[in-house]
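Data from query.cif: mmCIF, C-alpha atoms
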data_my_file
loop_
_atom_site.label_atom_id
_atom_site.label_comp_id
_atom_site.auth_asym_id
_atom_site.auth_seq_id
_atom_site.Cartn_x
_atom_site.Cartn_y
_atom_site.Cartn_z
CA MET A 1074 13.71 27.33 -3.30
CA LYS A 1075 17.18 25.94 -3.92
CA ILE A 1076 18.01 24.29 -7.23
CA GLN A 1077 20.09 21.14 -7.04
CA GLU A 1078 21.48 18.88 -9.71
CA LYS A 1079 18.74 17.52 -11.94
CA ARG A 1080 18.14 13.76 -11.82
CA GLU A 1081 17.37 11.78 -14.95
CA THR A 1082 16.45 8.40 -13.45
CA PRO A 1083 12.90 9.37 -12.37
CA PHE A 1084 12.05 10.53 -15.88
CA LEU A 1085 13.44 7.36 -17.45
CA LEU A 1086 11.33 5.34 -14.99
CA ILE A 1087 8.24 7.40 -15.81
CA ILE A 1088 8.73 6.88 -19.55
CA PHE A 1089 9.29 3.14 -19.05
CA PHE A 1090 6.23 2.59 -16.86
CA LEU A 1091 4.07 4.86 -19.01
CA PHE A 1092 5.05 2.64 -21.93
CA LEU A 1093 4.06 -0.49 -19.97
CA LEU A 1094 0.77 1.16 -19.00
CA LEU A 1095 -0.03 1.99 -22.61
CA VAL A 1096 0.89 -1.51 -23.80
CA GLY A 1097 -1.42 -2.92 -21.11
CA ILE A 1098 -4.27 -0.63 -22.11
CA ASN A 1099 -3.73 -1.46 -25.77
CA ALA A 1100 -3.82 -5.19 -24.97
CA GLY A 1101 -7.27 -4.81 -23.41
CA GLU A 1102 -6.18 -5.29 -19.82
CA VAL A 1103 -8.44 -2.50 -18.56
CA SER A 1104 -11.54 -4.54 -19.31
CA THR A 1105 -9.96 -7.56 -17.62
CA VAL A 1106 -9.41 -5.51 -14.46
CA LEU A 1107 -13.00 -4.23 -14.64
CA GLU A 1108 -14.33 -7.75 -15.11
CA THR A 1109 -12.28 -9.04 -12.18
CA ALA A 1110 -13.12 -6.18 -9.83
CA THR A 1111 -16.87 -6.30 -10.39
CA ARG A 1112 -17.20 -9.95 -9.41
CA ILE A 1113 -17.33 -10.99 -5.78
CA CYS A 1114 -14.52 -13.49 -5.50
CA LEU A 1115 -15.56 -15.55 -2.46
CA ASN A 1116 -12.43 -17.62 -2.67
CA CYS A 1117 -10.36 -14.43 -2.56
CA ILE A 1118 -11.96 -13.13 0.61
CA GLY A 1119 -11.64 -16.43 2.43
CA ILE A 1120 -15.21 -17.68 2.03
CA GLY A 1121 -15.92 -20.84 0.13
CA MET B 137 -3.46 17.81 9.87
CA LEU B 138 -3.58 18.19 6.08
CA ARG B 139 -2.42 14.60 5.72
CA ARG B 140 -5.14 13.38 8.06
CA TRP B 141 -7.80 15.09 5.95
CA ILE B 142 -6.34 13.65 2.76
CA GLN B 143 -6.35 10.19 4.36
CA ILE B 144 -10.01 10.61 5.31
CA ILE B 145 -10.96 11.83 1.84
CA ALA B 146 -8.96 9.06 0.13
CA THR B 147 -10.56 6.40 2.33
CA PHE B 148 -14.00 7.79 1.53
CA LEU B 149 -13.34 8.08 -2.21
CA SER B 150 -12.02 4.50 -2.29
CA ASN B 151 -15.18 3.33 -0.52
CA SER B 152 -17.91 5.71 -1.58
CA TYR B 153 -20.47 3.30 -3.04
CA LEU B 154 -23.09 3.80 -0.36
CA LEU B 155 -25.94 2.05 -2.17
CA PHE B 156 -24.72 -1.43 -1.25
CA PRO B 157 -27.20 -1.90 1.65
CA PHE B 158 -30.00 -1.51 -0.92
CA THR B 159 -28.50 -3.34 -3.89
CA ARG B 160 -26.96 -5.99 -1.59
CA ASN B 161 -24.10 -6.17 -4.03
CA ILE B 162 -20.72 -4.60 -4.72
CA TYR B 163 -20.26 -1.61 -7.04
CA GLN B 164 -20.05 -2.73 -10.66
CA GLY B 165 -19.49 0.53 -12.52
CA THR B 166 -16.67 1.56 -14.83
CA LEU B 167 -14.62 3.23 -12.07
CA LYS B 168 -13.53 -0.28 -11.19
CA SER B 169 -11.35 -0.24 -14.28
CA PHE B 170 -8.95 1.94 -12.33
CA CYS B 171 -6.58 0.69 -9.67
CA THR B 172 -6.67 2.40 -6.30
CA PRO B 173 -3.25 3.65 -5.15
CA GLY B 174 -3.65 2.01 -1.73
CA LEU B 175 -4.66 -1.40 -0.44
CA ASN B 176 -8.45 -1.54 -0.74
CA CYS B 177 -10.25 -4.80 -1.49
CA TYR B 178 -12.45 -4.63 -4.59
CA SER B 179 -14.85 -7.13 -3.07
CA CYS B 180 -15.60 -4.59 -0.34
CA PRO B 181 -19.29 -3.65 -0.81
CA ALA B 182 -18.45 0.07 -0.84
CA ALA B 183 -15.26 -0.12 -2.96
CA THR B 184 -15.20 2.06 -6.06
CA GLY B 185 -11.87 0.96 -7.53
CA ALA B 186 -9.80 -2.14 -8.17
CA CYS B 187 -7.17 -3.30 -5.69
CA PRO B 188 -3.89 -3.38 -7.66
CA LEU B 189 -2.65 -6.44 -5.76
CA GLY B 190 -5.84 -8.39 -6.39
CA ALA B 191 -5.77 -7.44 -10.07
CA LEU B 192 -2.10 -8.38 -10.39
CA GLN B 193 -2.66 -11.80 -8.81
CA ASN B 194 -5.57 -12.43 -11.15
CA PHE B 195 -3.36 -11.67 -14.13
CA MET B 196 -0.73 -14.10 -12.83
CA ALA B 197 -3.34 -16.76 -12.03
CA THR B 198 -4.79 -16.67 -15.54
CA LEU B 199 -1.52 -16.12 -17.41
CA ARG B 200 -0.71 -19.79 -18.01
CA PRO B 201 -3.96 -20.76 -19.81
CA GLY B 202 -3.78 -17.38 -21.53
CA LEU B 203 -0.34 -18.16 -22.94
CA GLN B 204 -1.65 -21.45 -24.32
CA THR B 205 -4.60 -19.83 -26.05
CA GLY B 206 -2.77 -16.74 -27.28
CA TYR B 207 -4.73 -14.45 -24.91
CA GLN B 208 -1.69 -12.92 -23.27
CA HIS B 209 -2.30 -10.50 -20.44
CA PHE B 210 0.75 -9.92 -18.27
CA GLY B 211 -0.78 -7.28 -16.00
CA LEU B 212 1.22 -4.48 -17.63
CA TYR B 213 -1.66 -2.07 -17.02
CA VAL B 214 -1.37 -2.62 -13.26
CA ILE B 215 2.45 -2.76 -13.24
CA GLY B 216 2.53 0.44 -15.30
CA THR B 217 0.11 2.19 -12.94
CA LEU B 218 2.08 1.20 -9.83
CA GLY B 219 5.39 2.00 -11.53
CA LEU B 220 4.18 5.46 -12.53
CA LEU B 221 2.97 6.24 -9.02
CA GLY B 222 6.20 4.87 -7.55
CA SER B 223 8.37 6.83 -10.01
CA LEU B 224 6.58 10.02 -9.05
CA ALA B 225 6.35 9.68 -5.29
CA GLY B 226 7.81 6.38 -4.04
CA ARG B 227 5.87 5.16 -1.00
CA MET B 228 3.93 8.40 -0.60
CA PRO B 229 0.58 6.69 -1.45
CA CYS B 230 1.09 4.50 1.66
CA GLY B 231 1.30 7.56 3.87
CA TRP B 232 -1.41 9.68 2.30
CA LEU B 233 -3.88 7.53 0.37
CA CYS B 234 -3.98 3.97 1.74
CA PRO B 235 -7.12 3.24 3.81
CA PHE B 236 -5.48 0.31 5.59
CA GLY B 237 -2.44 2.41 6.50
CA PHE B 238 -4.83 5.05 7.87
CA LEU B 239 -6.60 2.40 9.96
CA GLN B 240 -3.27 1.29 11.43
CA GLU B 241 -2.40 4.82 12.50
CA LEU B 242 -5.80 5.22 14.17
CA VAL B 243 -5.60 1.88 16.01
CA HIS B 244 -2.09 2.73 17.19
CA LYS B 245 -3.54 5.70 19.08
CA ILE B 246 -5.07 3.28 21.61
CA PRO B 247 -3.08 3.93 24.79
CA SER B 248 -0.72 1.06 25.57
CA ARG B 249 2.93 0.24 25.96
CA LYS B 250 4.58 0.54 22.55
CA PHE B 251 7.14 -1.81 21.01
CA GLU B 252 9.58 -1.46 18.13
CA ILE B 253 9.49 -3.91 15.24
CA PRO B 254 12.84 -5.68 14.69
CA GLN B 255 14.51 -4.42 11.51
CA PHE B 256 14.87 -7.88 9.94
CA LEU B 257 11.09 -8.33 9.89
CA THR B 258 10.70 -5.35 7.55
CA TYR B 259 12.26 -7.43 4.76
CA VAL B 260 9.59 -10.15 4.98
CA LYS B 261 7.35 -8.18 2.61
CA TYR B 262 9.70 -8.82 -0.32
CA PRO B 263 9.52 -12.64 -0.33
CA LEU B 264 5.77 -12.26 0.31
CA LEU B 265 5.52 -10.07 -2.79
CA ALA B 266 7.53 -12.46 -4.95
CA LEU B 267 5.81 -15.61 -3.70
CA PHE B 268 2.20 -14.68 -3.03
CA ILE B 269 1.65 -12.11 -5.79
CA PHE B 270 3.71 -13.53 -8.67
CA LEU B 271 5.16 -17.03 -8.25
CA LEU B 272 2.46 -19.05 -6.46
CA PRO B 273 -0.48 -17.65 -8.50
CA PHE B 274 1.44 -18.47 -11.68
CA PHE B 275 3.06 -21.81 -10.87
CA VAL B 276 0.50 -23.53 -8.61
CA ALA B 277 -2.36 -24.28 -10.96
CA ASP B 278 -5.46 -26.45 -11.01
CA GLU B 279 -6.20 -29.11 -13.63
CA PHE B 280 -7.26 -26.42 -16.10
CA GLY B 281 -4.08 -24.40 -15.60
CA TYR B 282 -5.63 -21.64 -13.49
CA GLY B 283 -3.89 -20.43 -10.37
CA THR B 284 -5.43 -18.65 -7.42
CA THR B 285 -5.02 -15.32 -5.67
CA TRP B 286 -2.76 -16.55 -2.89
CA PHE B 287 -2.28 -13.32 -1.00
CA CYS B 288 -6.00 -12.43 -1.03
CA LYS B 289 -7.05 -15.96 -0.20
CA PHE B 290 -4.65 -16.78 2.62
CA ILE B 291 -3.27 -13.55 4.07
CA CYS B 292 -4.80 -10.17 3.21
CA PRO B 293 -6.27 -8.75 6.45
CA ALA B 294 -7.65 -5.74 4.55
CA GLY B 295 -9.79 -8.09 2.45
CA THR B 296 -11.09 -9.88 5.54
CA LEU B 297 -12.00 -6.62 7.23
CA GLU B 298 -13.41 -4.76 4.23
CA ALA B 299 -14.94 -7.59 2.26
CA GLY B 300 -15.07 -10.94 4.06
CA ILE B 301 -16.84 -9.80 7.22
CA PRO B 302 -19.20 -7.26 5.56
CA MET B 303 -20.23 -9.76 2.89
CA LEU B 304 -21.28 -12.25 5.57
CA PHE B 305 -23.72 -9.64 6.88
CA LEU B 306 -24.81 -8.48 3.45
CA LYS B 307 -25.40 -12.01 2.18
CA PRO B 308 -26.28 -14.18 5.22
CA GLU B 309 -26.52 -17.25 2.99
CA LEU B 310 -22.71 -17.14 2.70
CA GLN B 311 -22.33 -17.92 6.39
CA ALA B 312 -22.88 -21.60 5.57
CA LEU B 313 -19.67 -21.52 3.51
CA VAL B 314 -17.44 -20.25 6.29
CA GLY B 315 -14.69 -22.71 7.08
CA LEU B 316 -11.09 -23.12 8.12
CA LEU B 317 -9.91 -20.72 5.42
CA PHE B 318 -11.99 -17.89 6.81
CA TYR B 319 -11.00 -18.61 10.41
CA ASN B 320 -7.35 -18.55 9.34
CA LYS B 321 -7.88 -15.13 7.77
CA LEU B 322 -9.75 -13.90 10.83
CA PHE B 323 -6.81 -15.01 12.95
CA ILE B 324 -4.36 -13.08 10.75
CA LEU B 325 -6.60 -9.99 10.87
CA GLY B 326 -6.86 -10.26 14.67
CA LEU B 327 -3.09 -10.66 14.95
CA PHE B 328 -2.43 -7.52 12.91
CA LEU B 329 -5.15 -5.51 14.69
CA LEU B 330 -3.55 -6.38 18.01
CA TRP B 331 -0.07 -5.66 16.68
CA MET B 332 -1.25 -2.25 15.41
CA VAL B 333 -2.04 -1.24 18.98
CA TYR B 334 1.49 -1.98 20.16
CA SER B 335 3.63 -1.19 17.09
CA ARG B 336 3.56 1.39 14.34
CA ARG B 337 2.01 0.31 11.04
CA PRO B 338 3.09 -3.35 11.38
CA PHE B 339 1.30 -4.57 8.27
CA CYS B 340 2.85 -1.85 6.07
CA ARG B 341 6.31 -2.57 7.37
CA VAL B 342 6.28 -6.34 7.55
CA ALA B 343 3.74 -7.82 5.18
CA CYS B 344 2.39 -5.37 2.59
CA PRO B 345 3.38 -6.37 -0.96
CA LEU B 346 2.03 -3.07 -2.31
CA GLY B 347 4.31 -1.14 0.02
CA ALA B 348 7.12 -3.44 -1.08
CA ILE B 349 6.53 -2.45 -4.71
CA TYR B 350 6.41 1.29 -3.97
CA SER B 351 9.47 1.05 -1.71
CA LEU B 352 11.61 -0.03 -4.66
CA PHE B 353 11.16 3.48 -6.07
CA ASN B 354 11.94 5.47 -2.93
CA LYS B 355 15.53 6.23 -3.88
CA HIS B 356 14.77 7.12 -7.49
CA SER B 357 11.39 8.86 -7.44
CA VAL B 358 10.71 12.41 -8.58
CA PHE B 359 9.88 13.32 -4.99
CA LYS B 360 12.77 12.74 -2.57
CA MET B 361 13.50 13.61 1.00
CA THR B 362 16.74 15.39 1.81
CA ARG B 363 18.74 16.03 4.98
CA ASP B 364 21.07 18.94 5.62
CA PRO B 365 24.05 17.42 7.49
CA ASP B 366 25.14 20.86 8.70
CA LYS B 367 21.85 21.42 10.52
CA CYS B 368 21.17 17.84 11.69
CA THR B 369 22.22 17.15 15.27
CA ASN B 370 21.24 13.46 15.27
CA CYS B 371 18.76 14.21 18.05
CA LYS B 372 16.50 11.39 16.76
CA ALA B 373 13.33 13.47 17.04
CA CYS B 374 12.51 12.42 13.45
CA TYR B 375 12.89 8.74 14.33
CA ASN B 376 10.87 9.07 17.51
CA ASN B 377 7.94 10.64 15.67
CA CYS B 378 8.06 8.52 12.50
CA PRO B 379 5.04 6.24 11.92
CA MET B 380 7.36 3.78 10.17
CA GLU B 381 10.26 4.03 12.63
CA VAL B 382 12.61 5.23 9.90
CA ARG B 383 15.99 6.46 11.16
CA PHE B 384 15.96 9.47 8.88
CA TYR B 385 19.25 10.81 10.21
CA GLU B 386 20.91 7.60 8.96
CA SER B 387 18.89 6.76 5.87
CA GLN B 388 16.93 9.32 3.89
CA ASN B 389 14.52 7.76 1.39
CA ASP B 390 14.64 4.51 3.32
CA ILE B 391 12.55 1.63 1.92
CA ASP B 392 10.00 2.24 4.66
CA CYS B 393 9.75 6.03 4.33
CA ILE B 394 6.14 6.82 3.39
CA ARG B 395 6.85 10.56 2.85
CA CYS B 396 4.24 11.56 5.41
CA LEU B 397 6.43 14.59 6.21
CA LYS B 398 5.88 14.25 9.96
CA CYS B 399 9.63 14.44 10.45
CA MET B 400 9.84 17.70 8.52
CA ASN B 401 6.66 19.37 9.72
CA GLU B 402 6.29 18.10 13.28
CA SER B 403 9.63 16.82 14.52
CA CYS B 404 12.81 18.55 13.39
CA LYS B 405 13.60 21.65 15.41
CA PHE B 406 16.63 22.51 13.34
CA GLY B 407 15.22 22.73 9.81
CA ALA B 408 17.48 19.88 8.69
CA ILE B 409 14.78 17.99 6.77
CA SER B 410 13.37 19.03 3.43
CA TYR B 411 12.25 17.50 0.18
CA GLU B 412 13.16 18.01 -3.42
CA ILE B 413 11.23 17.49 -6.60
CA THR B 414 13.67 16.56 -9.37
CA GLY B 415 16.33 18.96 -8.23
CA PHE B 416 14.11 21.75 -6.91
CA GLU B 417 14.51 21.72 -3.17
CA GLU B 418 11.82 22.96 -0.81
CA SER B 419 13.48 23.58 2.52
CA ARG B 420 12.69 24.99 5.92
CA ASP B 421 15.04 27.73 7.03
CA GLN B 422 13.67 27.35 10.56
CA GLY B 423 12.85 24.16 12.40
CA ILE B 424 9.57 23.64 14.16
CA LYS B 425 9.07 25.63 17.30
CA GLY B 426 8.33 24.10 20.67
CA LYS B 427 9.45 21.01 22.47
CA ALA B 428 11.02 17.97 20.88
CA VAL B 429 8.48 15.24 20.22
CA VAL B 430 8.43 12.50 22.82
CA ARG B 431 8.23 8.92 21.55
CA GLY B 432 4.79 7.35 21.56
CA GLN B 433 2.84 10.59 21.50
#

Representation of the structure as structure tokens:
Amino acid sequence: MKIQEKRETPFLLIIFFLFLLLVGINAGEVSTVLETATRICLNCIGIG
Amino acid sequence: MLRRWIQIIATFLSNSYLLFPFTRNIYQGTLKSFCTPGLNCYSCPAATGACPLGALQNFMATLRPGLQTGYQHFGLYVIGTLGLLGSLAGRMPCGWLCPFGFLQELVHKIPSRKFEIPQFLTYVKYPLLALFIFLLPFFVADEFGYGTTWFCKFICPAGTLEAGIPMLFLKPELQALVGLLFYNKLFILGLFLLWMVYSRRPFCRVACPLGAIYSLFNKHSVFKMTRDPDKCTNCKACYNNCPMEVRFYESQNDIDCIRCLKCMNESCKFGAISYEITGFEESRDQGIKGKAVVRGQ
């Protein structure tokens, strides 16, 4: 296994998106996703 | 072979609610709080997770009335999930975990003359992402300020195949509601199914907004593909065997590279292709043995 120069960008991206994820969870978006995904949206699947 | 098994397992795990013929309804448990990494309609009777694109459109469609009432949900949970996956592996979920991508690879095995997809068409997915996932659901609203899920409603062939058609069988009373909208979606599904036979993963490359999101991370993800210029002979074996028609010898970590590793494991005879994980490179000292891969096989 060769070792190349370390890259910082991926870790900065991970920290940024982890922050967004936590803000979303804290805002109660998980329950919104659950509520949306457990309903059959006829309009969404082209019926109705 | 390992990838094929992972694709099968991922497709099954994304659609493992097998009680739907008895309940005559979709799965409504807590697993649906989580977004699936691939495109998998949550209105599919067997779906166990939430489609990130559907969830994102719903956030955009309800954002305007939410802003007025102080109930502000921007979809950061979904954006964060997709961003995390993208930061780690770029488009790898497309190649390993997406059920619709898996379907396209299977359909493409039908013997026929094969055609390349013009390069310019591979950029269509970006305006589709901007318009149908973010802008139209937010800006085009009804009298109450609610938008609609434009991509699901007018385009998504995965939704038609996994949810629209099965729901018509599961709930026959819905057949009375079928109209122009559904026929339009059936036409789009038929078009892509036919295209899959002749071209490699056409939906992923031309129209998938989820792939478009992941592709933005390809050049900056933890996992990256690398090419050894000293070993590469530009023989194009990688390109000929790539399910996304990526010219790896010209562009490593291309926007369409789904990190399936077919180029590394099944194509390159010279050991010129490897991957690195944040600086730690895993390379092949030897290329694959045997004949160069012939296009279309």

(request) Report as a list in words the set of chain B residues whose atoms approach chain A to within 6 Å, with distances computed over all atoms listed in the file. (result) Gln164, Lys168, Ser169, Tyr178, Ser179, Ala186, Leu212, Tyr213, Gly216, Gly219, Leu220, Ser223, Cys288, Lys289, Gly295, Thr296, Gly300, Leu313, Val314, Leu317, Phe318, His356, Ser357, Val358, Thr414, Gly415, Phe416, Glu417 and Glu418 of chain B

(request) Please indicate the distance in Å from atom CA of B:Cys292 to atom CA of B:Cys344, rounded to one decimal place. (result)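 Atom CA of B:Cys344 lies at a distance of 8.7 Å from atom CA of B:Cys292.
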
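Atom CA of B:Asn161 is positioned 26.5 Å from atom CA of B:Ile269.
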
(request) Take the PyMOL selection byres ((chain B and resi 273) around 9), apply it to the structure above, and return the hits as a list in words. (result)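 The output of the PyMOL selection byres ((chain B and resi 273) around 9) on this file is Gln193, Asn194, Phe195, Met196, Ala197, Thr198, Leu267, Phe268, Ile269, Phe270, Leu271, Leu272, Phe274, Phe275, Val276, Ala277, Tyr282, Gly283, Thr284, Thr285, Trp286 and Phe287 of chain B.
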
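Applied to the file shown here, the PyMOL selection byres ((chain B and resi 189) around 8) selects Leu175, Cys187, Pro188, Gly190, Ala191, Leu192, Gln193, Ile269, Pro345 and Leu346 of chain B.
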
(request) For atom CA of B:Ile413 and atom CA of B:Met361, quote the distance in Å rounded to one decimal. (result)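 For atom CA of B:Ile413 relative to atom CA of B:Met361, the distance reads 8.8 Å.
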
Calculate, to one decimal in Å, the centre and edge lengths of the box along x, y and z of the file that holds all listed atoms of stretch 209-212 of chain B with 8 Å of margin on each side, and present them as JSON.
{"center_x": -0.5, "center_y": -7.5, "center_z": -18.2, "size_x": 19.5, "size_y": 22.0, "size_z": 20.4}

With C-alpha atoms as the atom set, please write stretch 154-212 of chain B from the structure just given, as a compact mmCIF listing (two decimals), in the first residue's frame.
# COMPACT_ATOMS: atom_id res chain seq x y z
CA LEU B 154 -42.84 -8.84 1.57
CA LEU B 155 -46.11 -8.57 3.49
CA PHE B 156 -47.63 -6.10 1.05
CA PRO B 157 -49.76 -8.72 -0.80
CA PHE B 158 -51.50 -9.40 2.52
CA THR B 159 -51.69 -5.89 3.95
CA ARG B 160 -52.41 -4.42 0.48
CA ASN B 161 -50.48 -1.38 1.57
CA ILE B 162 -46.95 0.01 1.58
CA TYR B 163 -44.55 -0.45 4.50
CA GLN B 164 -45.17 2.16 7.19
CA GLY B 165 -42.51 1.36 9.78
CA THR B 166 -39.76 3.55 11.20
CA LEU B 167 -37.13 2.38 8.69
CA LYS B 168 -38.77 4.81 6.30
CA SER B 169 -37.17 7.62 8.27
CA PHE B 170 -33.93 6.73 6.53
CA CYS B 171 -33.08 7.64 2.96
CA THR B 172 -31.96 4.86 0.67
CA PRO B 173 -28.63 5.57 -1.05
CA GLY B 174 -30.05 4.67 -4.47
CA LEU B 175 -33.13 5.57 -6.46
CA ASN B 176 -35.97 3.53 -4.96
CA CYS B 177 -39.53 4.85 -4.86
CA TYR B 178 -41.00 4.95 -1.35
CA SER B 179 -44.45 4.32 -2.75
CA CYS B 180 -43.24 0.93 -3.97
CA PRO B 181 -45.25 -1.65 -1.98
CA ALA B 182 -42.07 -3.46 -0.91
CA ALA B 183 -39.91 -0.38 -0.22
CA THR B 184 -38.36 -0.19 3.24
CA GLY B 185 -36.71 3.23 3.00
CA ALA B 186 -37.36 6.74 1.75
CA CYS B 187 -36.27 7.84 -1.72
CA PRO B 188 -33.95 10.83 -1.15
CA LEU B 189 -35.18 12.57 -4.31
CA GLY B 190 -38.83 12.18 -3.37
CA ALA B 191 -38.12 13.43 0.15
CA LEU B 192 -36.13 16.39 -1.15
CA GLN B 193 -38.89 17.43 -3.56
CA ASN B 194 -41.43 17.22 -0.75
CA PHE B 195 -39.31 19.54 1.36
CA MET B 196 -39.09 22.02 -1.53
CA ALA B 197 -42.82 21.72 -2.28
CA THR B 198 -43.80 22.51 1.30
CA LEU B 199 -41.07 25.05 2.01
CA ARG B 200 -43.02 28.15 0.96
CA PRO B 201 -46.04 27.68 3.28
CA GLY B 202 -43.57 26.52 5.92
CA LEU B 203 -41.63 29.78 5.70
CA GLN B 204 -44.85 31.73 6.18
CA THR B 205 -45.86 29.78 9.26
CA GLY B 206 -42.40 29.55 10.82
CA TYR B 207 -42.23 25.77 10.23
CA GLN B 208 -38.97 25.83 8.31
CA HIS B 209 -37.74 22.55 6.91
CA PHE B 210 -35.14 22.95 4.19
CA GLY B 211 -34.41 19.26 3.68
CA LEU B 212 -31.03 19.50 5.41
